[in-house]
Amino acid sequence: MKKLLLGDEAIALGAIYAGLSGVYAYPGTPSTEITEFIQKDPLARERGIRSRWCTNEKTAMEAALGMSYAGKRALVCMKHVGMNVCADAFVNSAITGVNGGLVVLAADDPSMHSSQNEQDSRFYGKFAMIPIFEPSTQQEAFKMMGEAFDLSEKLGVPVLFRVVTRLAHSRAAVEIGAPQEQNKFNPATGKGWVLLPGIARKQYISLIEKQPAMAAAAEGSEHNRLEGEILRCAQDDRCAQDDRCAQDDRCAQDDNAPLGIIACGIAYNYVCEAGAKNVLKVSQYPLPEKKIKELAARSRSILVVEDGQPVVEQDVKALLGAEYKVEGRLTGKLPRTGELNPDNVAAALGIAPGKGFEPAKNLAARPPQLCPGCGHRDVYNALNKVAAEYPGARVFGDIGCYTLGALPPFQTLSSCVDMGASITMAKGAADAGLFPAIAIIGDSTFTHSGMTGLLDAVNDHSNITVIISDNLTTAMTGGQDSAGTSKFEAICLGLGVEPEHLHVVNPIAPNMEAITQLIRKEIDYNGVSVIIPRRECMQTLRRHSKK
Amino acid sequence: MYANPQKTFQEMKTDIILCGVGGQGILSIATVIGEAATAAGLQLKQAEVHGMSQRGGDVQSDLRLSTEEIHSDLIPKGHADIIISMEPMEALRYIPFLSADGAIVTSSKPFVNIPNYPAEDAVIAELEALPHVLKYDIESLAREAGNPKGANMVLLGMAARFMGIFKPEQLRAAIGSIFAAKGDAIVEANCKCFDLGYELRQ
């Protein structure tokens with residue numbers, strides 16, 4: 001049976017068909033649709049696959065490790081920057097090892113379509129010393145998910161599954177097989193899970209001892225394959241028949257030998273689009289060093305085509321030595337930043353670009369903006385009005401729809417760095433004497449990573465004013481449930497915010513006067529104040545009123 | 001079965017850029033074309049943009065159809081056969097991707113939600129200077145037909161005669177399958193919009 005699926009949906013269905021028992025995730029573009037698919041899938045429901053949203057990527061990673069401990073297959077999904085949040089649990093899960101299969105999916109966002117950086121998650125896989133899968137197509141993504149779980153259980157390590165926006169959010173037909181059974185409940189035994197130094201040292205050695213098996217799996221993988229004319233070199237007829245030719249270093253010095261191309265993950269599609277022939281497709285790591293050497297021996301030089309950062313290019317340079325010519329993003333053959341596309345890959349292969357029309361003259365950028373009627377708009381109107389009265393005022397922003405408050409017409413924000421940084425940056429700036437230091441953070445971001453910072457501020461009696469702009473949902477990613485809904489007052493009071501400096505307001509135009517008065521009063525209070533403007537997101541409101 | 005055996009090996013492909021402003025319903029057009037492609041046994045890849053850009057910003061989707069395997073999810077520059085746009089300036093944004101003999105099918109009505117939108121006459125004039133442009137006030141037409149939400153189906157109808165890879169009946173049938181769950185009245189209303197669009201000639 002064939003189904004038309006987004007890359008994210010193919011991953012989700014692949015996991016369900018691989019006998020998944022739980023998905024743990026925090027929403028983040030371009031990974032969100034994986035968990036959403038599992039939440040709605042009939043088989044997932046029938047099997048009772050656990051799929052509710054988690055508070056952040058670290059709680060997700062740890063819960064998945066717990067499910068693995070109990071013998072079941074678990075999936076963790078996040079956008080690339082979520083890897084930073086869960087890194088402690090992630091890296092250490094390689095040291096404990098796993099019981100039930102554990103796959104960690106990171107969706108990278110080269111070109112930063114919806115992100116603050118374009119970090120490459122493959123570095124994390126290398127850092128934790130675990131296998132990485134990087135599919136090129138939706139079909140491969142579906143199939144590889146099962147293989148990733150199998151390899152995880154076979155080697156007793158978590159497996160990193162890396163995709164990029166253009167695979168996550170691209171649709172294609174996927175051939176679906178039959179679903180396999182879920183694992184039986186089978187909790188782990190033994191002391192390997194207790195990472196006291198004495199045990200951790202042994203576990204670390206055990207992880208290192210698993211490296212050759214990981215390398216062998218990648219070397220033998222059907223996803224890492226030499227393709228095209230490279231099977232024989234330009235001038236030597238022996239190549240086609242003689243395996244030993246791979247060790248013949250004459251070929252590499254032959255200017256007539258073809259260019260060798262290493263195409264990783266989605267880059268393989270662009271290389272094929274350009275019609276390139278001498279290709280080593282790489283979709284499973286650690287790098288298949290033998291195959292790379294084989295390609296190198298039969299090529300005059302190597303071009304590494306990879307989306308994201310030059311992870312493989314650096315490794316291939318190290319593998320082949322300084323004398324061998326390796327090109328890619330580091331040498332400027334491909335752009336150093338931004339995503340790959342069929343045009344920049346074709347250019348790197350020396351193919352003349354396609355001829356379209358000259359760019360239009362009557363064109364203006366159309367940046368995203370807050371929806372008409374959005375409560376964040378009223379919050380920014382009020383904040384701007386009050387902040388204008390204080391020459392030193394700074395508003396520290398956070399991650400969500402309300403980050404658009406940095407753009408015209410509001411231009412309220414001075415910063416936006418990572419989930420939760422609004423509160424802690426305001427606190428640090430206030431410590432340094434900045435006044436007034438105002439933080440604005442969304443409801444979901446607050447429970448994700450803002451609460452701990454607020455506790456620091458309370459303990460320090462920092463002079464900050466925190467606005468938790470609560471629209472009752474995780475809006476930016478499409479309206480997922482927000483972990484703290486209906487709990488914010490209790491959380492703030494529990495963390496020690498004084499009741500007389502905790503306020504909930506309704507951000508609508510008639511209340512503007514009262515809200516600005518309140519902001520003024522709390523700015524003038526020397527300590528931690530929290531104001532919670534609360535009004536439902538326009539997008540979820542529209543959806544709810546349709547029902 | 002085939003009168004000309006050579007015909008069976010002839011590759012057919014259609015590369016489409018769908019564009020507009022977040023919330024205008026371009027992804028529904030993609031869904032209908034995707035359904036028609038699946039029913040016809042064609043290969044398909046469709047890259048979408050989700051997330052931040054959906055908040056009133058420009059949105060775009062690359063939709064590739066072929067009788068043969070499709071490699072890249074993205075359309076190379078100068079390769080698009082059609083730009084289907086819910087907004088005239090957004091159509092202009094992607095002309096570097098349009099092939100020399102490619103067509104633009106677009107709404108003629110600007111959607112102005114930015115302070116620096118270019119002079120509307122200049123946008124229309126630049127569009128008209130390009131070859132193979134079909135534009136119409138699809139929103140008014142859909143409204144007159146009693147289905148204001150059907151503007152995107154009018155646009156699909158307009159695009160149908162540039163999509164040699166499908167017969168219009170195949171797209172019509174796909175509208176039926178996609179909207180079936182919403183009832184016969186909705187299917188009929190959308191098919192009517194599609195037909196109105198298909199009959200338009202500049």
# chains A, B, ... in the order shown; residues from 1 in each chain; ligands from 1

call {"tool": "residues_around", "arguments": {"residues": "stretch 343-360 of chain A", "least_positions_apart": "2", "cutoff": "7 Å", "atoms": "only C-alpha atoms", "output": "ChimeraX atom specification"}}
result
/A:270-271,274,333-334,340-341,362-363 /B:76-79,92-93,95-100

call {"tool": "write_last_selection", "arguments": {"atoms": "C-alpha atoms", "output": "mmCIF file, in the first residue's frame"}}
result
data_model
loop_
_atom_site.group_PDB
_atom_site.id
_atom_site.type_symbol
_atom_site.label_atom_id
_atom_site.label_comp_id
_atom_site.auth_asym_id
_atom_site.auth_seq_id
_atom_site.Cartn_x
_atom_site.Cartn_y
_atom_site.Cartn_z
ATOM 1 C CA TYR A 270 20.323 17.329 -5.471
ATOM 2 C CA VAL A 271 23.359 15.429 -6.730
ATOM 3 C CA ALA A 274 22.202 17.324 -11.457
ATOM 4 C CA LYS A 333 32.888 25.173 -3.495
ATOM 5 C CA LEU A 334 29.504 25.160 -1.802
ATOM 6 C CA LEU A 340 21.634 23.207 -0.151
ATOM 7 C CA ASN A 341 19.385 23.383 -3.172
ATOM 8 C CA ASN A 362 8.233 45.471 -8.093
ATOM 9 C CA LEU A 363 8.788 43.269 -5.110
ATOM 10 C CA PRO B 76 15.781 24.216 -9.847
ATOM 11 C CA LYS B 77 15.911 27.766 -11.213
ATOM 12 C CA GLY B 78 14.336 28.158 -14.648
ATOM 13 C CA HIS B 79 12.548 24.793 -14.447
ATOM 14 C CA LEU B 92 6.549 37.901 -9.323
ATOM 15 C CA ARG B 93 8.692 36.735 -6.407
ATOM 16 C CA ILE B 95 9.905 34.235 -11.701
ATOM 17 C CA PRO B 96 13.607 33.305 -11.474
ATOM 18 C CA PHE B 97 12.306 29.726 -11.143
ATOM 19 C CA LEU B 98 9.978 29.949 -14.160
ATOM 20 C CA SER B 99 11.108 28.376 -17.432
ATOM 21 C CA ALA B 100 11.236 30.541 -20.559
#

call {"tool": "closest_atom_pairs", "arguments": {"of": "chain B", "to": "chain A", "cutoff": "9 Å", "atoms": "only C-alpha atoms", "output": "tab-separated table"}}
result
residue	atom	partner	partner_atom	distance
B:Val21	CA	A:Arg366	CA	8.4
B:Gly22	CA	A:Pro368	CA	8.3
B:Gly34	CA	A:Leu4	CA	8.0
B:Glu35	CA	A:Leu4	CA	8.6
B:Thr38	CA	A:Leu4	CA	7.7
B:Gln43	CA	A:Ala173	CA	7.5
B:Leu44	CA	A:Ala172	CA	5.6
B:Lys45	CA	A:Ala172	CA	4.8
B:Gln46	CA	A:Arg171	CA	4.8
B:Ala47	CA	A:Ser170	CA	3.9
B:Glu48	CA	A:His169	CA	5.5
B:Val49	CA	A:His169	CA	6.8
B:His50	CA	A:His169	CA	7.4
B:Gly51	CA	A:Thr477	CA	5.7
B:Met52	CA	A:Ser114	CA	5.7
B:Ser53	CA	A:Pro368	CA	5.3
B:Gln54	CA	A:Pro368	CA	6.9
B:Arg55	CA	A:Pro368	CA	4.9
B:Gly56	CA	A:Pro368	CA	5.0
B:Gly57	CA	A:Pro368	CA	3.9
B:Asp58	CA	A:Arg366	CA	5.7
B:Asp62	CA	A:Ser170	CA	8.9
B:Ile70	CA	A:Glu273	CA	7.9
B:His71	CA	A:Asn269	CA	4.8
B:Ser72	CA	A:Asn269	CA	4.8
B:Asp73	CA	A:Ser170	CA	6.7
B:Leu74	CA	A:Asn341	CA	6.8
B:Ile75	CA	A:Pro342	CA	7.2
B:Pro76	CA	A:Pro342	CA	5.4
B:Lys77	CA	A:Gly354	CA	5.1
B:Gly78	CA	A:Gly356	CA	3.6
B:His79	CA	A:Gly354	CA	6.9
B:Ala80	CA	A:Gly356	CA	8.6
B:Met89	CA	A:Leu363	CA	6.4
B:Glu90	CA	A:Leu363	CA	8.1
B:Leu92	CA	A:Ala360	CA	5.8
B:Arg93	CA	A:Ala360	CA	6.5
B:Tyr94	CA	A:Pro359	CA	7.7
B:Ile95	CA	A:Phe357	CA	5.5
B:Pro96	CA	A:Gly356	CA	4.4
B:Phe97	CA	A:Gly356	CA	5.3
B:Leu98	CA	A:Gly356	CA	5.2
B:Ser99	CA	A:Gly356	CA	5.3
B:Ala100	CA	A:Gly356	CA	6.4
B:Asn113	CA	A:Arg366	CA	8.1
B:Ile114	CA	A:Arg366	CA	6.7
B:Asn116	CA	A:Ala364	CA	6.7
B:Tyr117	CA	A:Ala364	CA	6.1
B:Pro118	CA	A:Asn362	CA	5.8
B:Ala119	CA	A:Asn362	CA	7.7
B:Glu120	CA	A:Asn362	CA	8.9
B:Ala122	CA	A:Asn362	CA	6.7
B:Val123	CA	A:Asn362	CA	5.6
B:Glu126	CA	A:Asn362	CA	7.4

call {"tool": "write_last_selection", "arguments": {"atoms": "C-alpha atoms", "output": "PDB file, in the first residue's frame"}}
result
ATOM      1  CA  VAL B  21       0.252  34.804   1.614  1.00  0.00           C
ATOM      2  CA  GLY B  22      -0.114  32.645   4.730  1.00  0.00           C
ATOM      3  CA  GLY B  34      -1.528  15.567  -4.939  1.00  0.00           C
ATOM      4  CA  GLU B  35      -4.707  13.495  -4.868  1.00  0.00           C
ATOM      5  CA  THR B  38      -1.753   9.706  -6.742  1.00  0.00           C
ATOM      6  CA  GLN B  43       5.407  10.340  -9.028  1.00  0.00           C
ATOM      7  CA  LEU B  44       5.126  13.378  -6.789  1.00  0.00           C
ATOM      8  CA  LYS B  45       7.226  15.482  -4.440  1.00  0.00           C
ATOM      9  CA  GLN B  46       5.880  18.495  -2.667  1.00  0.00           C
ATOM     10  CA  ALA B  47       7.973  20.702  -0.418  1.00  0.00           C
ATOM     11  CA  GLU B  48       5.977  22.952   1.900  1.00  0.00           C
ATOM     12  CA  VAL B  49       6.856  25.688   4.323  1.00  0.00           C
ATOM     13  CA  HIS B  50       5.436  25.431   7.827  1.00  0.00           C
ATOM     14  CA  GLY B  51       6.013  27.428  10.960  1.00  0.00           C
ATOM     15  CA  MET B  52       6.772  31.076  11.315  1.00  0.00           C
ATOM     16  CA  SER B  53       6.176  32.065   7.680  1.00  0.00           C
ATOM     17  CA  GLN B  54       2.543  30.981   7.932  1.00  0.00           C
ATOM     18  CA  ARG B  55       1.741  34.063  10.040  1.00  0.00           C
ATOM     19  CA  GLY B  56       0.745  36.450   7.247  1.00  0.00           C
ATOM     20  CA  GLY B  57       4.095  36.193   5.494  1.00  0.00           C
ATOM     21  CA  ASP B  58       4.837  34.895   2.015  1.00  0.00           C
ATOM     22  CA  ASP B  62       7.283  23.376  -4.758  1.00  0.00           C
ATOM     23  CA  ILE B  70      11.816  12.700  -9.017  1.00  0.00           C
ATOM     24  CA  HIS B  71      15.053  13.421  -7.169  1.00  0.00           C
ATOM     25  CA  SER B  72      15.092  16.933  -5.738  1.00  0.00           C
ATOM     26  CA  ASP B  73      12.246  18.078  -3.492  1.00  0.00           C
ATOM     27  CA  LEU B  74      12.985  21.608  -4.696  1.00  0.00           C
ATOM     28  CA  ILE B  75      12.561  22.939  -8.247  1.00  0.00           C
ATOM     29  CA  PRO B  76      15.781  24.216  -9.847  1.00  0.00           C
ATOM     30  CA  LYS B  77      15.911  27.766 -11.213  1.00  0.00           C
ATOM     31  CA  GLY B  78      14.336  28.158 -14.648  1.00  0.00           C
ATOM     32  CA  HIS B  79      12.548  24.793 -14.447  1.00  0.00           C
ATOM     33  CA  ALA B  80       9.028  25.602 -13.252  1.00  0.00           C
ATOM     34  CA  MET B  89       3.242  40.302  -6.259  1.00  0.00           C
ATOM     35  CA  GLU B  90       3.879  36.839  -4.831  1.00  0.00           C
ATOM     36  CA  LEU B  92       6.549  37.901  -9.323  1.00  0.00           C
ATOM     37  CA  ARG B  93       8.692  36.735  -6.407  1.00  0.00           C
ATOM     38  CA  TYR B  94       9.325  33.357  -8.027  1.00  0.00           C
ATOM     39  CA  ILE B  95       9.905  34.235 -11.701  1.00  0.00           C
ATOM     40  CA  PRO B  96      13.607  33.305 -11.474  1.00  0.00           C
ATOM     41  CA  PHE B  97      12.306  29.726 -11.143  1.00  0.00           C
ATOM     42  CA  LEU B  98       9.978  29.949 -14.160  1.00  0.00           C
ATOM     43  CA  SER B  99      11.108  28.376 -17.432  1.00  0.00           C
ATOM     44  CA  ALA B 100      11.236  30.541 -20.559  1.00  0.00           C
ATOM     45  CA  ASN B 113      -0.575  43.779   4.499  1.00  0.00           C
ATOM     46  CA  ILE B 114       2.811  45.528   4.418  1.00  0.00           C
ATOM     47  CA  ASN B 116       5.924  49.153   1.483  1.00  0.00           C
ATOM     48  CA  TYR B 117       3.796  47.216  -1.021  1.00  0.00           C
ATOM     49  CA  PRO B 118       4.868  48.443  -4.497  1.00  0.00           C
ATOM     50  CA  ALA B 119       2.523  50.503  -6.675  1.00  0.00           C
ATOM     51  CA  GLU B 120      -0.249  48.094  -7.678  1.00  0.00           C
ATOM     52  CA  ALA B 122       3.471  48.612 -11.553  1.00  0.00           C
ATOM     53  CA  VAL B 123       3.025  45.057 -10.192  1.00  0.00           C
ATOM     54  CA  GLU B 126       5.360  43.863 -14.760  1.00  0.00           C
TER      55      GLU B 126
END

call {"tool": "select_by_dssp", "arguments": {"residues": "stretch 16-154 of chain B", "states": "alpha helix (DSSP H)", "output": "JSON, numbers by chain"}}
result
{"B": [26, 27, 28, 29, 30, 31, 32, 33, 34, 35, 36, 37, 38, 39, 88, 89, 90, 91, 92, 93, 120, 121, 122, 123, 124, 125, 126, 127, 128, 138, 139, 140, 141, 142, 143, 144, 151, 152, 153, 154]}

call {"tool": "closest_residue", "arguments": {"among": "A:Glu500, A:Glu227, A:Asp443, A:Glu181", "to": "A:Gly146", "atoms": "only C-alpha atoms"}}
result
A:Glu181

call {"tool": "residues_around", "arguments": {"residues": "A:Ile423", "least_positions_apart": "6", "cutoff": "7 Å", "atoms": "only C-alpha atoms", "output": "VMD selection string"}}
result
chain A and resid 439 450 453 to 454 466

call {"tool": "select_by_dssp", "arguments": {"residues": "stretch 10-159 of chain B", "states": "strand (DSSP E)", "output": "ChimeraX atom specification"}}
result
/B:13-21,43-47,58-66,80-85,98-107,133-136

call {"tool": "write_last_selection", "arguments": {"atoms": "C-alpha atoms", "output": "JSON list (two decimals), in the first residue's frame"}}
result
[["chain", "number", "residue", "atom", "x", "y", "z"],
["B", 13, "LYS", "CA", 6.85, 16.19, -15.96],
["B", 14, "THR", "CA", 5.20, 19.27, -14.52],
["B", 15, "ASP", "CA", 6.96, 21.48, -11.99],
["B", 16, "ILE", "CA", 4.62, 23.84, -10.19],
["B", 17, "ILE", "CA", 5.36, 26.66, -7.77],
["B", 18, "LEU", "CA", 2.37, 27.40, -5.56],
["B", 19, "CYS", "CA", 2.53, 30.69, -3.70],
["B", 20, "GLY", "CA", 0.59, 33.32, -1.85],
["B", 21, "VAL", "CA", 0.25, 34.80, 1.61],
["B", 43, "GLN", "CA", 5.41, 10.34, -9.03],
["B", 44, "LEU", "CA", 5.13, 13.38, -6.79],
["B", 45, "LYS", "CA", 7.23, 15.48, -4.44],
["B", 46, "GLN", "CA", 5.88, 18.50, -2.67],
["B", 47, "ALA", "CA", 7.97, 20.70, -0.42],
["B", 58, "ASP", "CA", 4.84, 34.90, 2.01],
["B", 59, "VAL", "CA", 4.30, 31.15, 1.64],
["B", 60, "GLN", "CA", 5.41, 28.88, -1.14],
["B", 61, "SER", "CA", 5.35, 25.24, -2.07],
["B", 62, "ASP", "CA", 7.28, 23.38, -4.76],
["B", 63, "LEU", "CA", 5.13, 20.68, -6.34],
["B", 64, "ARG", "CA", 6.79, 18.31, -8.78],
["B", 65, "LEU", "CA", 4.94, 15.70, -10.85],
["B", 66, "SER", "CA", 6.48, 13.22, -13.21],
["B", 80, "ALA", "CA", 9.03, 25.60, -13.25],
["B", 81, "ASP", "CA", 6.30, 25.02, -15.82],
["B", 82, "ILE", "CA", 3.68, 26.97, -13.90],
["B", 83, "ILE", "CA", 3.52, 29.49, -11.09],
["B", 84, "ILE", "CA", 0.11, 29.30, -9.41],
["B", 85, "SER", "CA", -0.31, 32.31, -7.14],
["B", 98, "LEU", "CA", 9.98, 29.95, -14.16],
["B", 99, "SER", "CA", 11.11, 28.38, -17.43],
["B", 100, "ALA", "CA", 11.24, 30.54, -20.56],
["B", 101, "ASP", "CA", 7.94, 29.12, -21.84],
["B", 102, "GLY", "CA", 6.36, 28.66, -18.42],
["B", 103, "ALA", "CA", 2.98, 30.11, -17.45],
["B", 104, "ILE", "CA", 1.83, 32.27, -14.57],
["B", 105, "VAL", "CA", -1.70, 31.80, -13.28],
["B", 106, "THR", "CA", -2.54, 34.29, -10.59],
["B", 107, "SER", "CA", -5.12, 36.28, -8.72],
["B", 133, "VAL", "CA", 0.13, 35.12, -17.91],
["B", 134, "LEU", "CA", -3.46, 34.38, -16.94],
["B", 135, "LYS", "CA", -4.77, 36.57, -14.14],
["B", 136, "TYR", "CA", -8.23, 37.21, -12.79]]

call {"tool": "residues_around", "arguments": {"residues": "A:Glu222", "least_positions_apart": "3", "cutoff": "10 Å", "atoms": "only C-alpha atoms", "output": "mmCIF file with N, CA and C atoms, in the first residue's frame"}}
result
data_model
loop_
_atom_site.group_PDB
_atom_site.id
_atom_site.type_symbol
_atom_site.label_atom_id
_atom_site.label_comp_id
_atom_site.auth_asym_id
_atom_site.auth_seq_id
_atom_site.Cartn_x
_atom_site.Cartn_y
_atom_site.Cartn_z
ATOM 1 N N ALA A 217 28.409 -1.781 10.928
ATOM 2 C CA ALA A 217 27.012 -1.643 10.509
ATOM 3 C C ALA A 217 26.892 -0.591 9.413
ATOM 4 N N ALA A 218 27.604 0.518 9.583
ATOM 5 C CA ALA A 218 27.536 1.598 8.587
ATOM 6 C C ALA A 218 28.237 1.185 7.297
ATOM 7 N N GLU A 219 29.364 0.498 7.451
ATOM 8 C CA GLU A 219 30.128 0.074 6.266
ATOM 9 C C GLU A 219 29.303 -0.881 5.410
ATOM 10 N N ARG A 225 26.201 3.639 -0.220
ATOM 11 C CA ARG A 225 26.554 2.852 -1.398
ATOM 12 C C ARG A 225 27.251 3.685 -2.471
ATOM 13 N N LEU A 226 28.209 3.025 -3.099
ATOM 14 C CA LEU A 226 28.892 3.605 -4.245
ATOM 15 C C LEU A 226 28.014 3.401 -5.457
ATOM 16 N N LYS A 281 26.746 7.593 -1.763
ATOM 17 C CA LYS A 281 25.640 8.075 -0.939
ATOM 18 C C LYS A 281 25.908 7.692 0.503
ATOM 19 N N VAL A 282 25.815 8.654 1.417
ATOM 20 C CA VAL A 282 26.024 8.385 2.838
ATOM 21 C C VAL A 282 24.751 8.715 3.601
ATOM 22 N N SER A 283 24.172 7.694 4.234
ATOM 23 C CA SER A 283 22.972 7.928 5.036
ATOM 24 C C SER A 283 23.037 7.228 6.387
ATOM 25 N N GLN A 284 24.197 6.659 6.700
ATOM 26 C CA GLN A 284 24.355 6.041 8.018
ATOM 27 C C GLN A 284 25.781 6.264 8.505
#

call {"tool": "residues_around", "arguments": {"residues": "B:Ala180", "least_positions_apart": "5", "cutoff": "12 Å", "atoms": "only C-alpha atoms", "output": "list in words"}}
result
Val32, Ala173, Ala174, Ile175, Ala185, Ile186, Val187, Glu188, Ala189, Asn190 and Cys191 of chain B

call {"tool": "atom_distance", "arguments": {"atom1": "atom CA of A:Ile208", "atom2": "atom CA of A:Pro286"}}
result
12.8 Å

call {"tool": "atom_distance", "arguments": {"atom1": "atom CA of A:Asn99", "atom2": "atom CA of A:Ala18"}}
result
15.5 Å

call {"tool": "residues_around", "arguments": {"residues": "A:Ala60", "least_positions_apart": "2", "cutoff": "9 Å", "atoms": "only C-alpha atoms", "output": "list in words"}}
result
Val23, Tyr24, Ala25, Tyr26, Trp53, Cys54, Thr55, Asn56, Glu57, Lys58, Glu62, Ala63, Ala64, Leu65, Val76, Cys77 and Cys86 of chain A

call {"tool": "residues_around", "arguments": {"residues": "stretch 147-163 of chain B", "least_positions_apart": "4", "cutoff": "7 Å", "atoms": "only C-alpha atoms", "output": "mmCIF file with N, CA and C atoms, in the first residue's frame"}}
result
data_model
loop_
_atom_site.group_PDB
_atom_site.id
_atom_site.type_symbol
_atom_site.label_atom_id
_atom_site.label_comp_id
_atom_site.auth_asym_id
_atom_site.auth_seq_id
_atom_site.Cartn_x
_atom_site.Cartn_y
_atom_site.Cartn_z
ATOM 1 N N THR B 14 5.720 17.928 -14.746
ATOM 2 C CA THR B 14 5.201 19.267 -14.516
ATOM 3 C C THR B 14 5.738 19.748 -13.174
ATOM 4 N N GLY B 25 -4.796 29.645 1.487
ATOM 5 C CA GLY B 25 -5.297 28.347 1.025
ATOM 6 C C GLY B 25 -4.510 27.715 -0.108
ATOM 7 N N ILE B 26 -3.206 28.027 -0.207
ATOM 8 C CA ILE B 26 -2.439 27.399 -1.290
ATOM 9 C C ILE B 26 -2.217 25.915 -1.034
ATOM 10 N N ILE B 29 -4.808 23.704 -2.591
ATOM 11 C CA ILE B 29 -4.581 23.451 -4.020
ATOM 12 C C ILE B 29 -3.600 22.289 -4.166
ATOM 13 N N ILE B 84 1.518 29.113 -9.783
ATOM 14 C CA ILE B 84 0.111 29.299 -9.414
ATOM 15 C C ILE B 84 0.106 30.153 -8.157
ATOM 16 N N VAL B 105 -0.259 31.736 -13.486
ATOM 17 C CA VAL B 105 -1.703 31.798 -13.276
ATOM 18 C C VAL B 105 -1.887 32.421 -11.903
ATOM 19 N N THR B 106 -2.532 33.579 -11.866
ATOM 20 C CA THR B 106 -2.544 34.294 -10.586
ATOM 21 C C THR B 106 -3.827 35.088 -10.353
ATOM 22 N N ILE B 138 -10.072 36.382 -8.793
ATOM 23 C CA ILE B 138 -10.686 35.097 -8.433
ATOM 24 C C ILE B 138 -11.591 35.210 -7.212
ATOM 25 N N GLU B 139 -11.265 36.146 -6.325
ATOM 26 C CA GLU B 139 -12.087 36.279 -5.114
ATOM 27 C C GLU B 139 -13.492 36.753 -5.467
ATOM 28 N N ALA B 142 -15.419 33.936 -7.153
ATOM 29 C CA ALA B 142 -15.859 32.927 -6.187
ATOM 30 C C ALA B 142 -17.035 33.456 -5.366
ATOM 31 N N ARG B 143 -16.956 34.739 -5.014
ATOM 32 C CA ARG B 143 -18.033 35.338 -4.226
ATOM 33 C C ARG B 143 -19.333 35.358 -5.031
ATOM 34 N N PRO B 168 -8.560 17.752 -17.234
ATOM 35 C CA PRO B 168 -9.313 18.496 -16.208
ATOM 36 C C PRO B 168 -10.234 17.589 -15.388
ATOM 37 N N ALA B 189 -19.974 22.978 -4.844
ATOM 38 C CA ALA B 189 -19.578 24.392 -4.851
ATOM 39 C C ALA B 189 -18.137 24.540 -5.334
ATOM 40 N N ASN B 190 -17.267 23.640 -4.880
ATOM 41 C CA ASN B 190 -15.858 23.737 -5.277
ATOM 42 C C ASN B 190 -15.658 23.336 -6.736
ATOM 43 N N CYS B 193 -16.603 26.274 -8.850
ATOM 44 C CA CYS B 193 -15.519 27.266 -8.887
ATOM 45 C C CYS B 193 -14.417 26.808 -9.841
ATOM 46 N N PHE B 194 -14.088 25.527 -9.757
ATOM 47 C CA PHE B 194 -13.058 24.971 -10.654
ATOM 48 C C PHE B 194 -13.471 25.173 -12.120
ATOM 49 N N ASP B 195 -14.744 24.870 -12.440
ATOM 50 C CA ASP B 195 -15.232 24.997 -13.816
ATOM 51 C C ASP B 195 -15.186 26.444 -14.292
ATOM 52 N N LEU B 196 -15.588 27.359 -13.394
ATOM 53 C CA LEU B 196 -15.556 28.784 -13.751
ATOM 54 C C LEU B 196 -14.133 29.213 -14.095
ATOM 55 N N GLY B 197 -13.201 28.718 -13.306
ATOM 56 C CA GLY B 197 -11.794 29.050 -13.566
ATOM 57 C C GLY B 197 -11.306 28.444 -14.867
ATOM 58 N N TYR B 198 -11.735 27.218 -15.108
ATOM 59 C CA TYR B 198 -11.264 26.520 -16.315
ATOM 60 C C TYR B 198 -11.748 27.219 -17.587
ATOM 61 N N LEU B 200 -12.155 30.377 -18.004
ATOM 62 C CA LEU B 200 -11.600 31.730 -18.184
ATOM 63 C C LEU B 200 -10.512 31.742 -19.255
#
